[in-house]
$ cat run_12.cif   # mmCIF, N, CA and C atoms
data_upload
loop_
_atom_site.label_atom_id
_atom_site.label_comp_id
_atom_site.auth_asym_id
_atom_site.auth_seq_id
_atom_site.Cartn_x
_atom_site.Cartn_y
_atom_site.Cartn_z
N MET A 1 0.84 -1.18 0.00
CA MET A 1 0.00 0.00 0.00
C MET A 1 0.89 1.25 0.00
N THR A 2 0.47 2.22 -0.77
CA THR A 2 1.24 3.46 -0.85
C THR A 2 0.94 4.33 0.36
N GLU A 3 1.98 4.72 1.02
CA GLU A 3 1.85 5.57 2.19
C GLU A 3 1.54 7.00 1.77
N ARG A 4 0.76 7.67 2.57
CA ARG A 4 0.44 9.07 2.30
C ARG A 4 1.71 9.92 2.20
N GLU A 5 2.68 9.63 3.05
CA GLU A 5 3.94 10.38 3.02
C GLU A 5 4.64 10.26 1.67
N THR A 6 4.57 9.11 1.05
CA THR A 6 5.19 8.90 -0.25
C THR A 6 4.50 9.77 -1.29
N ILE A 7 3.18 9.81 -1.25
CA ILE A 7 2.43 10.63 -2.20
C ILE A 7 2.72 12.11 -1.95
N GLU A 8 2.78 12.50 -0.69
CA GLU A 8 3.08 13.91 -0.38
C GLU A 8 4.46 14.30 -0.88
N LYS A 9 5.42 13.38 -0.85
CA LYS A 9 6.75 13.66 -1.39
C LYS A 9 6.68 13.86 -2.91
N LEU A 10 5.86 13.06 -3.58
CA LEU A 10 5.68 13.22 -5.02
C LEU A 10 5.03 14.56 -5.34
N VAL A 11 4.07 14.97 -4.52
CA VAL A 11 3.44 16.28 -4.69
C VAL A 11 4.48 17.38 -4.52
N GLU A 12 5.32 17.25 -3.51
CA GLU A 12 6.37 18.25 -3.27
C GLU A 12 7.34 18.33 -4.45
N LEU A 13 7.71 17.18 -5.01
CA LEU A 13 8.59 17.18 -6.18
C LEU A 13 7.92 17.86 -7.37
N GLU A 14 6.64 17.58 -7.56
CA GLU A 14 5.89 18.20 -8.65
C GLU A 14 5.81 19.71 -8.46
N LEU A 15 5.55 20.13 -7.23
CA LEU A 15 5.48 21.55 -6.92
C LEU A 15 6.82 22.24 -7.16
N ASP A 16 7.89 21.62 -6.72
CA ASP A 16 9.23 22.19 -6.94
C ASP A 16 9.50 22.38 -8.42
N GLU A 17 9.15 21.39 -9.21
CA GLU A 17 9.36 21.47 -10.66
C GLU A 17 8.51 22.58 -11.26
N ALA A 18 7.26 22.69 -10.83
CA ALA A 18 6.37 23.73 -11.34
C ALA A 18 6.88 25.12 -10.95
N ASN A 19 7.35 25.25 -9.73
CA ASN A 19 7.85 26.54 -9.26
C ASN A 19 9.15 26.96 -9.95
N GLU A 20 9.93 25.98 -10.40
CA GLU A 20 11.14 26.30 -11.17
C GLU A 20 10.78 26.86 -12.54
N LYS A 21 9.70 26.34 -13.12
CA LYS A 21 9.29 26.76 -14.47
C LYS A 21 8.45 28.04 -14.46
N TYR A 22 7.59 28.17 -13.46
CA TYR A 22 6.62 29.26 -13.44
C TYR A 22 6.60 29.93 -12.08
N PRO A 23 6.37 31.25 -12.06
CA PRO A 23 6.30 31.96 -10.77
C PRO A 23 5.01 31.60 -10.03
N LEU A 24 4.92 32.07 -8.79
CA LEU A 24 3.69 31.89 -8.04
C LEU A 24 2.56 32.58 -8.79
N PHE A 25 1.34 32.18 -8.47
CA PHE A 25 0.19 32.76 -9.16
C PHE A 25 0.05 34.24 -8.82
N HIS A 26 -0.37 35.01 -9.81
CA HIS A 26 -0.51 36.45 -9.64
C HIS A 26 -1.92 36.87 -9.22
N SER A 27 -2.88 35.98 -9.45
CA SER A 27 -4.26 36.32 -9.13
C SER A 27 -5.06 35.05 -8.89
N PRO A 28 -6.18 35.18 -8.20
CA PRO A 28 -7.06 34.02 -8.03
C PRO A 28 -7.54 33.48 -9.38
N HIS A 29 -7.73 34.35 -10.36
CA HIS A 29 -8.18 33.91 -11.67
C HIS A 29 -7.15 32.99 -12.34
N GLU A 30 -5.90 33.39 -12.25
CA GLU A 30 -4.82 32.57 -12.82
C GLU A 30 -4.74 31.24 -12.10
N ALA A 31 -4.81 31.28 -10.78
CA ALA A 31 -4.74 30.04 -9.98
C ALA A 31 -5.88 29.11 -10.34
N TYR A 32 -7.08 29.67 -10.45
CA TYR A 32 -8.24 28.86 -10.80
C TYR A 32 -8.06 28.21 -12.17
N ALA A 33 -7.60 28.99 -13.15
CA ALA A 33 -7.46 28.47 -14.51
C ALA A 33 -6.49 27.30 -14.57
N VAL A 34 -5.37 27.44 -13.88
CA VAL A 34 -4.38 26.36 -13.88
C VAL A 34 -4.92 25.14 -13.16
N LEU A 35 -5.54 25.35 -12.00
CA LEU A 35 -6.11 24.22 -11.26
C LEU A 35 -7.22 23.55 -12.06
N LYS A 36 -8.07 24.34 -12.69
CA LYS A 36 -9.17 23.80 -13.48
C LYS A 36 -8.65 22.92 -14.60
N GLU A 37 -7.58 23.34 -15.25
CA GLU A 37 -6.99 22.54 -16.32
C GLU A 37 -6.53 21.18 -15.79
N GLU A 38 -5.87 21.19 -14.66
CA GLU A 38 -5.39 19.92 -14.09
C GLU A 38 -6.57 19.03 -13.67
N VAL A 39 -7.60 19.63 -13.10
CA VAL A 39 -8.78 18.86 -12.70
C VAL A 39 -9.46 18.24 -13.93
N GLU A 40 -9.56 19.01 -15.00
CA GLU A 40 -10.17 18.49 -16.22
C GLU A 40 -9.36 17.33 -16.79
N GLU A 41 -8.05 17.43 -16.72
CA GLU A 41 -7.20 16.33 -17.20
C GLU A 41 -7.39 15.09 -16.34
N LEU A 42 -7.53 15.27 -15.03
CA LEU A 42 -7.79 14.15 -14.13
C LEU A 42 -9.16 13.54 -14.43
N GLU A 43 -10.16 14.39 -14.63
CA GLU A 43 -11.50 13.90 -14.96
C GLU A 43 -11.49 13.08 -16.24
N TYR A 44 -10.73 13.54 -17.24
CA TYR A 44 -10.62 12.81 -18.50
C TYR A 44 -10.06 11.41 -18.26
N GLU A 45 -9.00 11.32 -17.49
CA GLU A 45 -8.40 10.01 -17.22
C GLU A 45 -9.38 9.11 -16.47
N MET A 46 -10.12 9.68 -15.53
CA MET A 46 -11.10 8.88 -14.79
C MET A 46 -12.23 8.40 -15.71
N GLU A 47 -12.64 9.26 -16.63
CA GLU A 47 -13.66 8.85 -17.61
C GLU A 47 -13.15 7.70 -18.47
N GLN A 48 -11.88 7.77 -18.85
CA GLN A 48 -11.29 6.70 -19.65
C GLN A 48 -11.23 5.39 -18.85
N ILE A 49 -10.88 5.49 -17.58
CA ILE A 49 -10.84 4.29 -16.73
C ILE A 49 -12.23 3.68 -16.64
N SER A 50 -13.23 4.51 -16.43
CA SER A 50 -14.60 4.02 -16.32
C SER A 50 -15.05 3.36 -17.63
N SER A 51 -14.78 4.03 -18.74
CA SER A 51 -15.17 3.49 -20.04
C SER A 51 -14.48 2.17 -20.33
N LYS A 52 -13.17 2.13 -20.11
CA LYS A 52 -12.42 0.90 -20.38
C LYS A 52 -12.85 -0.23 -19.43
N THR A 53 -13.22 0.12 -18.21
CA THR A 53 -13.70 -0.89 -17.27
C THR A 53 -15.02 -1.48 -17.75
N ASN A 54 -15.88 -0.64 -18.30
CA ASN A 54 -17.13 -1.14 -18.88
C ASN A 54 -16.85 -2.07 -20.05
N HIS A 55 -15.88 -1.71 -20.89
CA HIS A 55 -15.50 -2.59 -22.00
C HIS A 55 -14.92 -3.90 -21.48
N LEU A 56 -14.13 -3.81 -20.44
CA LEU A 56 -13.58 -5.02 -19.81
C LEU A 56 -14.70 -5.93 -19.35
N TRP A 57 -15.69 -5.36 -18.68
CA TRP A 57 -16.81 -6.16 -18.18
C TRP A 57 -17.56 -6.82 -19.33
N SER A 58 -17.74 -6.09 -20.43
CA SER A 58 -18.39 -6.68 -21.60
C SER A 58 -17.57 -7.85 -22.14
N ALA A 59 -16.27 -7.71 -22.16
CA ALA A 59 -15.40 -8.80 -22.62
C ALA A 59 -15.49 -9.99 -21.69
N VAL A 60 -15.53 -9.75 -20.40
CA VAL A 60 -15.64 -10.84 -19.42
C VAL A 60 -16.94 -11.60 -19.65
N LYS A 61 -18.03 -10.88 -19.83
CA LYS A 61 -19.34 -11.52 -20.01
C LYS A 61 -19.39 -12.35 -21.30
N CYS A 62 -18.60 -11.96 -22.29
CA CYS A 62 -18.59 -12.68 -23.57
C CYS A 62 -17.42 -13.65 -23.69
N ASP A 63 -16.73 -13.88 -22.58
CA ASP A 63 -15.57 -14.78 -22.56
C ASP A 63 -14.51 -14.39 -23.60
N ARG A 64 -14.28 -13.08 -23.76
CA ARG A 64 -13.23 -12.59 -24.67
C ARG A 64 -11.99 -12.24 -23.86
N ASN A 65 -10.90 -12.03 -24.58
CA ASN A 65 -9.63 -11.65 -23.96
C ASN A 65 -9.77 -10.30 -23.25
N THR A 66 -9.28 -10.23 -22.04
CA THR A 66 -9.39 -8.99 -21.25
C THR A 66 -8.05 -8.27 -21.08
N GLU A 67 -6.99 -8.89 -21.56
CA GLU A 67 -5.65 -8.33 -21.32
C GLU A 67 -5.49 -6.92 -21.87
N ASP A 68 -5.97 -6.68 -23.10
CA ASP A 68 -5.84 -5.35 -23.70
C ASP A 68 -6.55 -4.30 -22.87
N TYR A 69 -7.71 -4.64 -22.35
CA TYR A 69 -8.46 -3.67 -21.54
C TYR A 69 -7.73 -3.37 -20.24
N ALA A 70 -7.21 -4.41 -19.62
CA ALA A 70 -6.46 -4.21 -18.38
C ALA A 70 -5.24 -3.33 -18.63
N ASP A 71 -4.58 -3.53 -19.75
CA ASP A 71 -3.41 -2.73 -20.10
C ASP A 71 -3.80 -1.26 -20.28
N ARG A 72 -4.92 -1.00 -20.93
CA ARG A 72 -5.38 0.38 -21.14
C ARG A 72 -5.81 1.02 -19.82
N ILE A 73 -6.52 0.26 -19.00
CA ILE A 73 -6.93 0.78 -17.69
C ILE A 73 -5.71 1.13 -16.85
N TYR A 74 -4.72 0.25 -16.87
CA TYR A 74 -3.48 0.49 -16.14
C TYR A 74 -2.85 1.81 -16.59
N ALA A 75 -2.73 2.00 -17.91
CA ALA A 75 -2.09 3.22 -18.44
C ALA A 75 -2.86 4.46 -18.00
N HIS A 76 -4.18 4.42 -18.08
CA HIS A 76 -4.97 5.58 -17.68
C HIS A 76 -4.91 5.80 -16.16
N ALA A 77 -4.79 4.72 -15.40
CA ALA A 77 -4.65 4.86 -13.95
C ALA A 77 -3.34 5.56 -13.59
N ILE A 78 -2.28 5.23 -14.30
CA ILE A 78 -1.00 5.90 -14.08
C ILE A 78 -1.12 7.38 -14.43
N PHE A 79 -1.74 7.67 -15.59
CA PHE A 79 -1.95 9.07 -15.97
C PHE A 79 -2.81 9.79 -14.94
N ALA A 80 -3.85 9.11 -14.43
CA ALA A 80 -4.72 9.73 -13.42
C ALA A 80 -3.94 10.03 -12.15
N ALA A 81 -3.07 9.11 -11.75
CA ALA A 81 -2.25 9.36 -10.56
C ALA A 81 -1.35 10.58 -10.77
N GLN A 82 -0.77 10.69 -11.96
CA GLN A 82 0.06 11.86 -12.27
C GLN A 82 -0.77 13.14 -12.18
N GLU A 83 -1.96 13.10 -12.76
CA GLU A 83 -2.82 14.29 -12.75
C GLU A 83 -3.27 14.63 -11.33
N ALA A 84 -3.58 13.62 -10.52
CA ALA A 84 -3.99 13.88 -9.13
C ALA A 84 -2.86 14.53 -8.35
N ILE A 85 -1.65 14.10 -8.61
CA ILE A 85 -0.49 14.71 -7.96
C ILE A 85 -0.35 16.17 -8.42
N GLN A 86 -0.60 16.42 -9.68
CA GLN A 86 -0.53 17.79 -10.19
C GLN A 86 -1.64 18.66 -9.58
N VAL A 87 -2.83 18.11 -9.40
CA VAL A 87 -3.92 18.85 -8.74
C VAL A 87 -3.48 19.24 -7.33
N ALA A 88 -2.96 18.28 -6.59
CA ALA A 88 -2.52 18.55 -5.23
C ALA A 88 -1.40 19.60 -5.21
N ALA A 89 -0.47 19.50 -6.15
CA ALA A 89 0.64 20.46 -6.21
C ALA A 89 0.13 21.87 -6.50
N MET A 90 -0.86 21.98 -7.39
CA MET A 90 -1.39 23.30 -7.71
C MET A 90 -2.17 23.87 -6.52
N CYS A 91 -2.79 23.04 -5.72
CA CYS A 91 -3.43 23.52 -4.50
C CYS A 91 -2.39 24.07 -3.54
N GLU A 92 -1.27 23.37 -3.42
CA GLU A 92 -0.17 23.88 -2.59
C GLU A 92 0.35 25.21 -3.13
N LYS A 93 0.47 25.30 -4.46
CA LYS A 93 0.97 26.53 -5.08
C LYS A 93 0.00 27.69 -4.82
N ILE A 94 -1.29 27.41 -4.85
CA ILE A 94 -2.28 28.45 -4.53
C ILE A 94 -2.05 28.94 -3.10
N MET A 95 -1.84 28.03 -2.18
CA MET A 95 -1.61 28.42 -0.78
C MET A 95 -0.31 29.21 -0.65
N GLN A 96 0.71 28.83 -1.37
CA GLN A 96 1.98 29.56 -1.35
C GLN A 96 1.85 30.96 -1.92
N SER A 97 0.94 31.11 -2.87
CA SER A 97 0.77 32.39 -3.56
C SER A 97 0.06 33.42 -2.71
N GLU A 98 -0.47 33.01 -1.58
CA GLU A 98 -1.13 33.91 -0.63
C GLU A 98 -2.15 34.82 -1.32
N LEU A 99 -3.07 34.21 -2.04
CA LEU A 99 -4.08 34.96 -2.78
C LEU A 99 -5.36 35.19 -1.99
N TYR A 100 -5.46 34.55 -0.84
CA TYR A 100 -6.71 34.64 -0.08
C TYR A 100 -6.51 35.43 1.18
#

$ encode --input "run_12.cif" --output "structure tokens"
Amino acid sequence: MTERETIEKLVELELDEANEKYPLFHSPHEAYAVLKEEVEELEYEMEQISSKTNHLWSAVKCDRNTEDYADRIYAHAIFAAQEAIQVAAMCEKIMQSELY
């Protein structure tokens, strides 16, 4: 099981990388736009996981090969984890930006 501390370290690494490339947010509008983009990317990956899982279930019911579906679900789950880490990092960046 992945420890919360491990995930928080990944968030910190993501935040450090983002802060090296881009300054702190200048306004709540900018912060919202960046966070919204990351959330939308996470939502997309979750939609893909759900869709591929439905296809997997259809394959199971028809006694078809499920390996391809599992491979696609795995890939989208990894992308979703990356996006979730980016969402968390952008929340940290918002707090660092002292916009509230």

$ residues_around --input "run_12.cif" --residues "Ser50 (chain A)" --least-positions-apart "5" --cutoff "12 Å" --atoms "only C-alpha atoms" --output "ChimeraX atom specification"
/A:43-45,55-57,69-70,72-74,76-77,80

$ closest_residue --input "run_12.cif" --among "A:Asn65, A:Lys9, A:Phe79, A:Phe25" --to "Gln96 (chain A)" --atoms "all atoms listed in the file"
A:Phe25

$ atom_distance --input "run_12.cif" --atom1 "CA of Leu24 (chain A)" --atom2 "atom C of Met46 (chain A)"
29.4 Å

$ atom_distance --input "run_12.cif" --atom1 "atom N of Ser97 (chain A)" --atom2 "atom N of Leu13 (chain A)"
15.6 Å

$ atom_distance --input "run_12.cif" --atom1 "atom C of Ala59 (chain A)" --atom2 "atom N of Ala75 (chain A)"
17.9 Å

$ closest_residue --input "run_12.cif" --among "A:Pro28, A:Val34, A:Ile85, A:Lys52" --to "Ile7 (chain A)" --atoms "all atoms listed in the file"
A:Ile85

$ residues_near_point --input "run_12.cif" --point "(0.8, 24.7, -11.2)" --cutoff "6.5 Å" --atoms "only N, CA and C atoms" --output "NGL selection string"
:A and (18 or 34-35 or 89-90 or 93)

$ closest_residue --input "run_12.cif" --among "A:Asp63, A:Lys36, A:Ala31, A:Asp68" --to "Met95 (chain A)" --atoms "only C-alpha atoms"
A:Ala31

$ axis_aligned_box --input "run_12.cif" --around "region 86-92 of chain A" --padding-each-side "6 Å" --output "AutoDock Vina command-line options"
--center_x -1.6 --center_y 20.8 --center_z -6.4 --size_x 16.6 --size_y 20.8 --size_z 19.6

$ decode --input "run_12.cif" --residues "region 69-89 of chain A" --atoms "N, CA, C and O atoms" --output "PDB file, in the first residue's frame"
ATOM      1  N   TYR A  69      -7.714  -4.636 -22.353  1.00  0.00           N
ATOM      2  CA  TYR A  69      -8.461  -3.673 -21.543  1.00  0.00           C
ATOM      3  C   TYR A  69      -7.726  -3.375 -20.244  1.00  0.00           C
ATOM      4  O   TYR A  69      -7.643  -2.225 -19.826  1.00  0.00           O
ATOM      5  N   ALA A  70      -7.208  -4.410 -19.619  1.00  0.00           N
ATOM      6  CA  ALA A  70      -6.463  -4.207 -18.376  1.00  0.00           C
ATOM      7  C   ALA A  70      -5.241  -3.334 -18.626  1.00  0.00           C
ATOM      8  O   ALA A  70      -4.923  -2.451 -17.821  1.00  0.00           O
ATOM      9  N   ASP A  71      -4.577  -3.535 -19.752  1.00  0.00           N
ATOM     10  CA  ASP A  71      -3.412  -2.726 -20.104  1.00  0.00           C
ATOM     11  C   ASP A  71      -3.802  -1.259 -20.280  1.00  0.00           C
ATOM     12  O   ASP A  71      -3.107  -0.364 -19.801  1.00  0.00           O
ATOM     13  N   ARG A  72      -4.915  -1.000 -20.926  1.00  0.00           N
ATOM     14  CA  ARG A  72      -5.375   0.384 -21.140  1.00  0.00           C
ATOM     15  C   ARG A  72      -5.807   1.017 -19.818  1.00  0.00           C
ATOM     16  O   ARG A  72      -5.522   2.195 -19.566  1.00  0.00           O
ATOM     17  N   ILE A  73      -6.516   0.260 -19.000  1.00  0.00           N
ATOM     18  CA  ILE A  73      -6.934   0.778 -17.687  1.00  0.00           C
ATOM     19  C   ILE A  73      -5.709   1.126 -16.854  1.00  0.00           C
ATOM     20  O   ILE A  73      -5.658   2.182 -16.212  1.00  0.00           O
ATOM     21  N   TYR A  74      -4.724   0.248 -16.869  1.00  0.00           N
ATOM     22  CA  TYR A  74      -3.479   0.494 -16.141  1.00  0.00           C
ATOM     23  C   TYR A  74      -2.848   1.811 -16.593  1.00  0.00           C
ATOM     24  O   TYR A  74      -2.468   2.650 -15.766  1.00  0.00           O
ATOM     25  N   ALA A  75      -2.730   2.001 -17.905  1.00  0.00           N
ATOM     26  CA  ALA A  75      -2.093   3.216 -18.436  1.00  0.00           C
ATOM     27  C   ALA A  75      -2.865   4.459 -17.997  1.00  0.00           C
ATOM     28  O   ALA A  75      -2.256   5.449 -17.551  1.00  0.00           O
ATOM     29  N   HIS A  76      -4.175   4.423 -18.085  1.00  0.00           N
ATOM     30  CA  HIS A  76      -4.971   5.583 -17.678  1.00  0.00           C
ATOM     31  C   HIS A  76      -4.909   5.800 -16.162  1.00  0.00           C
ATOM     32  O   HIS A  76      -4.963   6.942 -15.702  1.00  0.00           O
ATOM     33  N   ALA A  77      -4.787   4.722 -15.401  1.00  0.00           N
ATOM     34  CA  ALA A  77      -4.653   4.863 -13.948  1.00  0.00           C
ATOM     35  C   ALA A  77      -3.342   5.562 -13.588  1.00  0.00           C
ATOM     36  O   ALA A  77      -3.309   6.408 -12.683  1.00  0.00           O
ATOM     37  N   ILE A  78      -2.284   5.231 -14.304  1.00  0.00           N
ATOM     38  CA  ILE A  78      -1.004   5.905 -14.075  1.00  0.00           C
ATOM     39  C   ILE A  78      -1.121   7.381 -14.431  1.00  0.00           C
ATOM     40  O   ILE A  78      -0.680   8.256 -13.669  1.00  0.00           O
ATOM     41  N   PHE A  79      -1.743   7.670 -15.587  1.00  0.00           N
ATOM     42  CA  PHE A  79      -1.949   9.068 -15.966  1.00  0.00           C
ATOM     43  C   PHE A  79      -2.814   9.791 -14.938  1.00  0.00           C
ATOM     44  O   PHE A  79      -2.556  10.951 -14.602  1.00  0.00           O
ATOM     45  N   ALA A  80      -3.845   9.113 -14.428  1.00  0.00           N
ATOM     46  CA  ALA A  80      -4.717   9.726 -13.417  1.00  0.00           C
ATOM     47  C   ALA A  80      -3.938  10.027 -12.145  1.00  0.00           C
ATOM     48  O   ALA A  80      -4.122  11.090 -11.530  1.00  0.00           O
ATOM     49  N   ALA A  81      -3.071   9.114 -11.752  1.00  0.00           N
ATOM     50  CA  ALA A  81      -2.247   9.358 -10.561  1.00  0.00           C
ATOM     51  C   ALA A  81      -1.354  10.579 -10.771  1.00  0.00           C
ATOM     52  O   ALA A  81      -1.224  11.427  -9.876  1.00  0.00           O
ATOM     53  N   GLN A  82      -0.773  10.689 -11.963  1.00  0.00           N
ATOM     54  CA  GLN A  82       0.057  11.861 -12.268  1.00  0.00           C
ATOM     55  C   GLN A  82      -0.774  13.138 -12.185  1.00  0.00           C
ATOM     56  O   GLN A  82      -0.333  14.143 -11.615  1.00  0.00           O
ATOM     57  N   GLU A  83      -1.955  13.104 -12.761  1.00  0.00           N
ATOM     58  CA  GLU A  83      -2.818  14.290 -12.746  1.00  0.00           C
ATOM     59  C   GLU A  83      -3.274  14.627 -11.328  1.00  0.00           C
ATOM     60  O   GLU A  83      -3.341  15.804 -10.958  1.00  0.00           O
ATOM     61  N   ALA A  84      -3.585  13.618 -10.519  1.00  0.00           N
ATOM     62  CA  ALA A  84      -3.992  13.875  -9.134  1.00  0.00           C
ATOM     63  C   ALA A  84      -2.857  14.530  -8.353  1.00  0.00           C
ATOM     64  O   ALA A  84      -3.096  15.439  -7.542  1.00  0.00           O
ATOM     65  N   ILE A  85      -1.650  14.099  -8.608  1.00  0.00           N
ATOM     66  CA  ILE A  85      -0.486  14.715  -7.962  1.00  0.00           C
ATOM     67  C   ILE A  85      -0.352  16.171  -8.417  1.00  0.00           C
ATOM     68  O   ILE A  85      -0.070  17.059  -7.602  1.00  0.00           O
ATOM     69  N   GLN A  86      -0.597  16.425  -9.684  1.00  0.00           N
ATOM     70  CA  GLN A  86      -0.532  17.793 -10.187  1.00  0.00           C
ATOM     71  C   GLN A  86      -1.636  18.662  -9.575  1.00  0.00           C
ATOM     72  O   GLN A  86      -1.393  19.831  -9.253  1.00  0.00           O
ATOM     73  N   VAL A  87      -2.831  18.111  -9.401  1.00  0.00           N
ATOM     74  CA  VAL A  87      -3.918  18.852  -8.744  1.00  0.00           C
ATOM     75  C   VAL A  87      -3.485  19.235  -7.328  1.00  0.00           C
ATOM     76  O   VAL A  87      -3.622  20.390  -6.906  1.00  0.00           O
ATOM     77  N   ALA A  88      -2.957  18.275  -6.595  1.00  0.00           N
ATOM     78  CA  ALA A  88      -2.515  18.554  -5.226  1.00  0.00           C
ATOM     79  C   ALA A  88      -1.402  19.597  -5.210  1.00  0.00           C
ATOM     80  O   ALA A  88      -1.398  20.507  -4.371  1.00  0.00           O
ATOM     81  N   ALA A  89      -0.465  19.504  -6.146  1.00  0.00           N
ATOM     82  CA  ALA A  89       0.636  20.461  -6.208  1.00  0.00           C
ATOM     83  C   ALA A  89       0.130  21.869  -6.505  1.00  0.00           C
ATOM     84  O   ALA A  89       0.609  22.847  -5.914  1.00  0.00           O
TER      85      ALA A  89
END
